[in-house]
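Before any comments, here is the structure.
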Amino acid sequence: MTIHPLSQIHPEAKIAPNVEIGPFVFIDKNVEIGSGTTITANVTILEGSRIGENSKIFPGAVIGAIPQDLKFKGEDTLAIIGNNTTIRECVTVNRGTVAKGKTVVGNNCLLMAYSHVAHDCIIGDSVIIANATQLAGEVEIDDFAILGGGTLVHQFCRIGAHVMIQGGSKVSKDIPPYCTAAREPISFVGVNSIGLKRRGYTNEQINMIQDIYRIVFQSKLNTSNAIAKVIETISESAERDLIIEFIQASERGIIKGFI
């Protein structure tokens with residue numbers, strides 16, 4: 001373990017032997033940092049933070065600050081960062097409230113500079129959140145989603161797996177898996193076929209996803225009837241079932257197709 005002498009580490013913090021800590025870092029009590037992680041200069045890691053292995057946190061980042069939520073009464077909660085995740089300059093990740101008890105950023109994620117992850121957000125693995133994106137409380141983002149720079153996400157929204165969101169978007173509805181979302185107001189503009197091909201999806205799988213979304217967004221059926229038609233006409237598959245489950249579970253409602 002390498003700790004710069006100009007950093008302040010609470011004696012109760014649990015830091016793995018081979019962590020590298022730069023100058024002017026503050027690490028509070030009740031913090032755990034896994035092996036191979038690098039904490040660069042001027043990083044603040046506050047009580048309740050859990051940092052995984054082989055992650056890297058860049059200058060100005062603040063992990064584990066109390067929620068910006070007036071309902072918060074000082075309860076013991078966590079801010080969890082997974083393995084192999086990169087937190088760039090001035091990113092803020094607040095810890096949870098009594099609602100979920102934790103804020104989670106998964107493995108192999110990239111949070112670019114000045115992005116904000118509010119209390120009780122749950123972010124999956126291999127998610128990219130570009131510069132200055134702001135997530136309100138209790139947002140959920142599933143694996144492999146990509147949010148373009150300056151995206152604003154309303155509280156309680158869910159963004160499905162493999163979604164691609166245009167930079168500068170304002171998200172106030174749920175975005176189902178595999179979609180590309182853009183325009184104003186934000187709308188379905190297609191399937192994220194390029195991203196899916198990069199991740200090994202076949203043309204047959206992508207075509208099937210496109211067939212599903214033609215029914216959901218272009219058939220002029222309401223959502224319930226569209227899902228019923230999908231179940232009736234599209235053969236079972238992991239991708240079909242994931243889309244159906246996501247839409248049926250949506251509490252805020254899903255985005256609309258672009259007209």
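Ordering of the structure tokens sets the chain letters (A, B, ...), residue numbers begin anew at 1 in every chain, and ligands are numbered from 1 in the order given.
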What are the DSSP strand (DSSP E or B) residues of range 4-102 of chain A, as a tab-separated table (two decimals) with all heavy atoms, in the first residue's frame?
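Once written, part29.tsv looks like this:
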chain	number	residue	atom	x	y	z
A	8	GLN	N	-5.00	12.19	4.45
A	8	GLN	CA	-5.51	11.90	5.78
A	8	GLN	C	-6.42	10.68	5.72
A	8	GLN	O	-7.47	10.72	5.06
A	8	GLN	CB	-6.27	13.11	6.35
A	8	GLN	CG	-6.80	12.89	7.75
A	8	GLN	CD	-7.47	14.13	8.32
A	8	GLN	OE1	-7.32	15.22	7.79
A	8	GLN	NE2	-8.22	13.94	9.40
A	9	ILE	N	-6.02	9.62	6.40
A	9	ILE	CA	-6.74	8.36	6.38
A	9	ILE	C	-7.20	8.03	7.80
A	9	ILE	O	-6.38	7.98	8.72
A	9	ILE	CB	-5.86	7.21	5.85
A	9	ILE	CG1	-5.08	7.63	4.59
A	9	ILE	CG2	-6.71	5.97	5.61
A	9	ILE	CD1	-5.92	7.99	3.41
A	14	LYS	N	-10.67	0.48	6.23
A	14	LYS	CA	-10.10	-0.80	5.84
A	14	LYS	C	-9.61	-0.71	4.40
A	14	LYS	O	-10.41	-0.67	3.46
A	14	LYS	CB	-11.15	-1.90	5.99
A	14	LYS	CG	-11.62	-2.10	7.42
A	14	LYS	CD	-12.68	-3.19	7.49
A	14	LYS	CE	-13.19	-3.37	8.93
A	14	LYS	NZ	-14.24	-4.42	9.01
A	15	ILE	N	-8.30	-0.67	4.27
A	15	ILE	CA	-7.70	-0.46	2.95
A	15	ILE	C	-6.79	-1.64	2.64
A	15	ILE	O	-5.93	-2.01	3.44
A	15	ILE	CB	-6.90	0.86	2.92
A	15	ILE	CG1	-7.85	2.02	3.26
A	15	ILE	CG2	-6.26	1.07	1.57
A	15	ILE	CD1	-7.16	3.35	3.41
A	20	GLU	N	-3.16	2.35	-3.93
A	20	GLU	CA	-2.31	3.54	-4.11
A	20	GLU	C	-3.15	4.78	-3.85
A	20	GLU	O	-4.19	4.98	-4.46
A	20	GLU	CB	-1.75	3.58	-5.53
A	20	GLU	CG	-0.80	4.75	-5.77
A	20	GLU	CD	-0.19	4.73	-7.16
A	20	GLU	OE1	-0.21	3.65	-7.80
A	20	GLU	OE2	0.29	5.78	-7.61
A	21	ILE	N	-2.68	5.63	-2.93
A	21	ILE	CA	-3.41	6.83	-2.53
A	21	ILE	C	-2.52	8.05	-2.72
A	21	ILE	O	-1.43	8.14	-2.14
A	21	ILE	CB	-3.87	6.73	-1.06
A	21	ILE	CG1	-4.82	5.53	-0.90
A	21	ILE	CG2	-4.56	8.01	-0.62
A	21	ILE	CD1	-5.22	5.23	0.52
A	26	PHE	N	-8.77	12.50	1.40
A	26	PHE	CA	-9.38	12.30	2.71
A	26	PHE	C	-10.22	11.04	2.66
A	26	PHE	O	-11.11	10.90	1.81
A	26	PHE	CB	-10.27	13.48	3.11
A	26	PHE	CG	-11.00	13.25	4.40
A	26	PHE	CD1	-10.35	13.38	5.62
A	26	PHE	CD2	-12.33	12.87	4.40
A	26	PHE	CE1	-11.02	13.14	6.81
A	26	PHE	CE2	-13.02	12.63	5.58
A	26	PHE	CZ	-12.35	12.77	6.80
A	27	ILE	N	-9.92	10.09	3.56
A	27	ILE	CA	-10.69	8.86	3.67
A	27	ILE	C	-11.22	8.75	5.09
A	27	ILE	O	-10.45	8.74	6.05
A	27	ILE	CB	-9.84	7.63	3.29
A	27	ILE	CG1	-9.38	7.75	1.82
A	27	ILE	CG2	-10.63	6.34	3.50
A	27	ILE	CD1	-8.51	6.62	1.35
A	32	GLU	N	-14.19	1.04	3.06
A	32	GLU	CA	-13.43	-0.14	2.65
A	32	GLU	C	-13.00	0.04	1.19
A	32	GLU	O	-13.82	0.42	0.35
A	32	GLU	CB	-14.26	-1.41	2.80
A	32	GLU	CG	-14.69	-1.69	4.23
A	32	GLU	CD	-15.58	-2.92	4.36
A	32	GLU	OE1	-15.67	-3.69	3.36
A	32	GLU	OE2	-16.16	-3.12	5.44
A	33	ILE	N	-11.72	-0.23	0.93
A	33	ILE	CA	-11.17	-0.08	-0.42
A	33	ILE	C	-10.44	-1.36	-0.79
A	33	ILE	O	-9.55	-1.82	-0.07
A	33	ILE	CB	-10.22	1.13	-0.51
A	33	ILE	CG1	-10.97	2.42	-0.12
A	33	ILE	CG2	-9.63	1.26	-1.91
A	33	ILE	CD1	-10.11	3.66	-0.09
A	38	THR	N	-6.68	2.59	-7.28
A	38	THR	CA	-5.88	3.81	-7.23
A	38	THR	C	-6.77	5.00	-6.91
A	38	THR	O	-7.77	5.23	-7.59
A	38	THR	CB	-5.17	4.06	-8.57
A	38	THR	OG1	-4.29	2.96	-8.84
A	38	THR	CG2	-4.36	5.34	-8.53
A	39	ILE	N	-6.41	5.73	-5.87
A	39	ILE	CA	-7.10	6.96	-5.49
A	39	ILE	C	-6.15	8.11	-5.78
A	39	ILE	O	-5.13	8.26	-5.11
A	39	ILE	CB	-7.49	6.95	-3.99
A	39	ILE	CG1	-8.15	5.62	-3.58
A	39	ILE	CG2	-8.37	8.15	-3.66
A	39	ILE	CD1	-9.46	5.33	-4.25
A	44	THR	N	-12.18	12.70	-2.10
A	44	THR	CA	-12.80	12.59	-0.78
A	44	THR	C	-13.69	11.35	-0.76
A	44	THR	O	-14.60	11.21	-1.58
A	44	THR	CB	-13.65	13.84	-0.47
A	44	THR	OG1	-12.81	15.00	-0.52
A	44	THR	CG2	-14.29	13.73	0.90
A	45	ILE	N	-13.40	10.45	0.18
A	45	ILE	CA	-14.17	9.22	0.32
A	45	ILE	C	-14.73	9.19	1.74
A	45	ILE	O	-13.97	9.09	2.71
A	45	ILE	CB	-13.33	7.98	0.03
A	45	ILE	CG1	-12.74	8.08	-1.39
A	45	ILE	CG2	-14.17	6.71	0.17
A	45	ILE	CD1	-11.86	6.92	-1.78
A	49	SER	N	-18.63	4.35	2.44
A	49	SER	CA	-18.19	4.03	1.08
A	49	SER	C	-17.54	2.65	1.03
A	49	SER	O	-16.81	2.25	1.93
A	49	SER	CB	-17.19	5.07	0.58
A	49	SER	OG	-17.79	6.34	0.48
A	50	ARG	N	-17.82	1.94	-0.06
A	50	ARG	CA	-17.21	0.65	-0.33
A	50	ARG	C	-16.70	0.67	-1.76
A	50	ARG	O	-17.49	0.74	-2.71
A	50	ARG	CB	-18.23	-0.49	-0.17
A	50	ARG	CG	-18.91	-0.53	1.20
A	50	ARG	CD	-17.96	-1.02	2.28
A	50	ARG	NE	-18.63	-1.20	3.56
A	50	ARG	CZ	-18.67	-0.26	4.50
A	50	ARG	NH1	-18.09	0.92	4.30
A	50	ARG	NH2	-19.28	-0.50	5.64
A	51	ILE	N	-15.39	0.62	-1.91
A	51	ILE	CA	-14.77	0.67	-3.24
A	51	ILE	C	-14.18	-0.70	-3.55
A	51	ILE	O	-13.45	-1.26	-2.73
A	51	ILE	CB	-13.64	1.74	-3.30
A	51	ILE	CG1	-14.08	3.06	-2.65
A	51	ILE	CG2	-13.18	1.94	-4.73
A	51	ILE	CD1	-15.20	3.76	-3.31
A	56	LYS	N	-10.34	3.01	-10.29
A	56	LYS	CA	-9.51	4.22	-10.28
A	56	LYS	C	-10.41	5.43	-10.11
A	56	LYS	O	-11.41	5.58	-10.83
A	56	LYS	CB	-8.70	4.34	-11.57
A	56	LYS	CG	-7.67	5.48	-11.52
A	56	LYS	CD	-6.64	5.38	-12.63
A	56	LYS	CE	-5.55	6.44	-12.46
A	56	LYS	NZ	-4.52	6.35	-13.51
A	57	ILE	N	-10.05	6.28	-9.16
A	57	ILE	CA	-10.83	7.46	-8.85
A	57	ILE	C	-9.96	8.69	-9.06
A	57	ILE	O	-8.86	8.79	-8.50
A	57	ILE	CB	-11.37	7.40	-7.41
A	57	ILE	CG1	-12.19	6.11	-7.21
A	57	ILE	CG2	-12.23	8.62	-7.12
A	57	ILE	CD1	-12.77	5.96	-5.84
A	62	VAL	N	-16.01	12.91	-5.16
A	62	VAL	CA	-16.50	12.76	-3.79
A	62	VAL	C	-17.43	11.55	-3.75
A	62	VAL	O	-18.48	11.54	-4.39
A	62	VAL	CB	-17.25	14.02	-3.31
A	62	VAL	CG1	-17.74	13.83	-1.87
A	62	VAL	CG2	-16.36	15.26	-3.40
A	63	ILE	N	-17.04	10.55	-2.98
A	63	ILE	CA	-17.81	9.31	-2.87
A	63	ILE	C	-18.37	9.22	-1.45
A	63	ILE	O	-17.64	9.38	-0.47
A	63	ILE	CB	-16.93	8.08	-3.15
A	63	ILE	CG1	-16.16	8.24	-4.48
A	63	ILE	CG2	-17.78	6.81	-3.16
A	63	ILE	CD1	-17.02	8.39	-5.69
A	64	GLY	N	-19.66	8.95	-1.34
A	64	GLY	CA	-20.26	8.67	-0.05
A	64	GLY	C	-20.75	9.87	0.73
A	64	GLY	O	-21.04	9.74	1.93
A	65	ALA	N	-20.89	11.03	0.10
A	65	ALA	CA	-21.48	12.17	0.80
A	65	ALA	C	-22.93	11.85	1.13
A	65	ALA	O	-23.59	11.05	0.46
A	65	ALA	CB	-21.40	13.43	-0.05
A	78	LEU	N	-24.94	3.10	2.60
A	78	LEU	CA	-23.71	2.84	1.87
A	78	LEU	C	-23.68	3.51	0.50
A	78	LEU	O	-24.73	3.80	-0.09
A	78	LEU	CB	-23.54	1.33	1.67
A	78	LEU	CG	-23.48	0.45	2.92
A	78	LEU	CD1	-23.42	-1.01	2.51
A	78	LEU	CD2	-22.30	0.81	3.80
A	79	ALA	N	-22.47	3.72	0.01
A	79	ALA	CA	-22.21	4.03	-1.41
A	79	ALA	C	-21.22	2.99	-1.88
A	79	ALA	O	-20.08	2.94	-1.39
A	79	ALA	CB	-21.64	5.43	-1.57
A	80	ILE	N	-21.64	2.14	-2.82
A	80	ILE	CA	-20.86	0.98	-3.24
A	80	ILE	C	-20.39	1.17	-4.67
A	80	ILE	O	-21.19	1.41	-5.57
A	80	ILE	CB	-21.70	-0.30	-3.12
A	80	ILE	CG1	-22.17	-0.49	-1.68
A	80	ILE	CG2	-20.90	-1.51	-3.60
A	80	ILE	CD1	-23.18	-1.62	-1.52
A	81	ILE	N	-19.09	1.07	-4.87
A	81	ILE	CA	-18.47	1.12	-6.20
A	81	ILE	C	-17.87	-0.25	-6.48
A	81	ILE	O	-17.12	-0.79	-5.65
A	81	ILE	CB	-17.37	2.20	-6.28
A	81	ILE	CG1	-17.87	3.55	-5.76
A	81	ILE	CG2	-16.84	2.30	-7.71
A	81	ILE	CD1	-18.97	4.17	-6.54
A	86	THR	N	-14.09	3.07	-13.27
A	86	THR	CA	-13.35	4.34	-13.33
A	86	THR	C	-14.28	5.49	-13.00
A	86	THR	O	-15.34	5.64	-13.61
A	86	THR	CB	-12.75	4.55	-14.73
A	86	THR	OG1	-11.83	3.48	-15.01
A	86	THR	CG2	-12.01	5.87	-14.81
A	87	ILE	N	-13.87	6.30	-12.03
A	87	ILE	CA	-14.61	7.48	-11.60
A	87	ILE	C	-13.77	8.69	-11.96
A	87	ILE	O	-12.72	8.92	-11.37
A	87	ILE	CB	-14.88	7.46	-10.07
A	87	ILE	CG1	-15.51	6.14	-9.63
A	87	ILE	CG2	-15.69	8.66	-9.65
A	87	ILE	CD1	-16.90	5.93	-10.07
A	92	THR	N	-19.64	12.87	-8.35
A	92	THR	CA	-20.18	12.72	-7.01
A	92	THR	C	-21.13	11.53	-6.98
A	92	THR	O	-22.01	11.39	-7.83
A	92	THR	CB	-20.93	14.00	-6.57
A	92	THR	OG1	-21.87	14.39	-7.59
A	92	THR	CG2	-19.96	15.14	-6.36
A	93	VAL	N	-20.93	10.68	-5.98
A	93	VAL	CA	-21.80	9.53	-5.75
A	93	VAL	C	-22.27	9.60	-4.30
A	93	VAL	O	-21.47	9.39	-3.38
A	93	VAL	CB	-21.08	8.19	-6.00
A	93	VAL	CG1	-22.03	7.02	-5.76
A	93	VAL	CG2	-20.51	8.13	-7.42
A	94	ASN	N	-23.52	9.94	-4.09
A	94	ASN	CA	-24.07	10.05	-2.74
A	94	ASN	C	-24.48	8.68	-2.21
A	94	ASN	O	-24.83	7.78	-2.98
A	94	ASN	CB	-25.30	10.95	-2.71
A	94	ASN	CG	-24.97	12.41	-3.00
A	94	ASN	OD1	-25.88	13.20	-3.26
A	94	ASN	ND2	-23.71	12.79	-2.97
A	102	LYS	N	-28.66	1.93	0.14
A	102	LYS	CA	-27.38	1.96	-0.56
A	102	LYS	C	-27.54	2.56	-1.95
A	102	LYS	O	-28.61	2.50	-2.56
A	102	LYS	CB	-26.81	0.54	-0.70
A	102	LYS	CG	-27.72	-0.41	-1.46
A	102	LYS	CD	-27.18	-1.83	-1.44
A	102	LYS	CE	-28.13	-2.79	-2.16
A	102	LYS	NZ	-27.63	-4.19	-2.13
Query - Who sits within 10 Å of Cys121 in chain A, only C-alpha atoms, same chain under 6 positions skipped, as a list in words - result: Ala79, Val93, Asn94, Arg95, Gly96, Lys100, Lys102, Thr103, Val104, Val105, Leu135, Ala136, Gly137, Glu138, Val139, Glu140, Ile141, Gln155, Phe156, Cys157 and Arg158 of chain A
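The shortest atom-to-atom distance to Ser55 in chain A, with only C-alpha atoms taken into account, belongs to A:Leu111 out of A:Ala41, A:Leu111, A:Leu70, A:Cys90.
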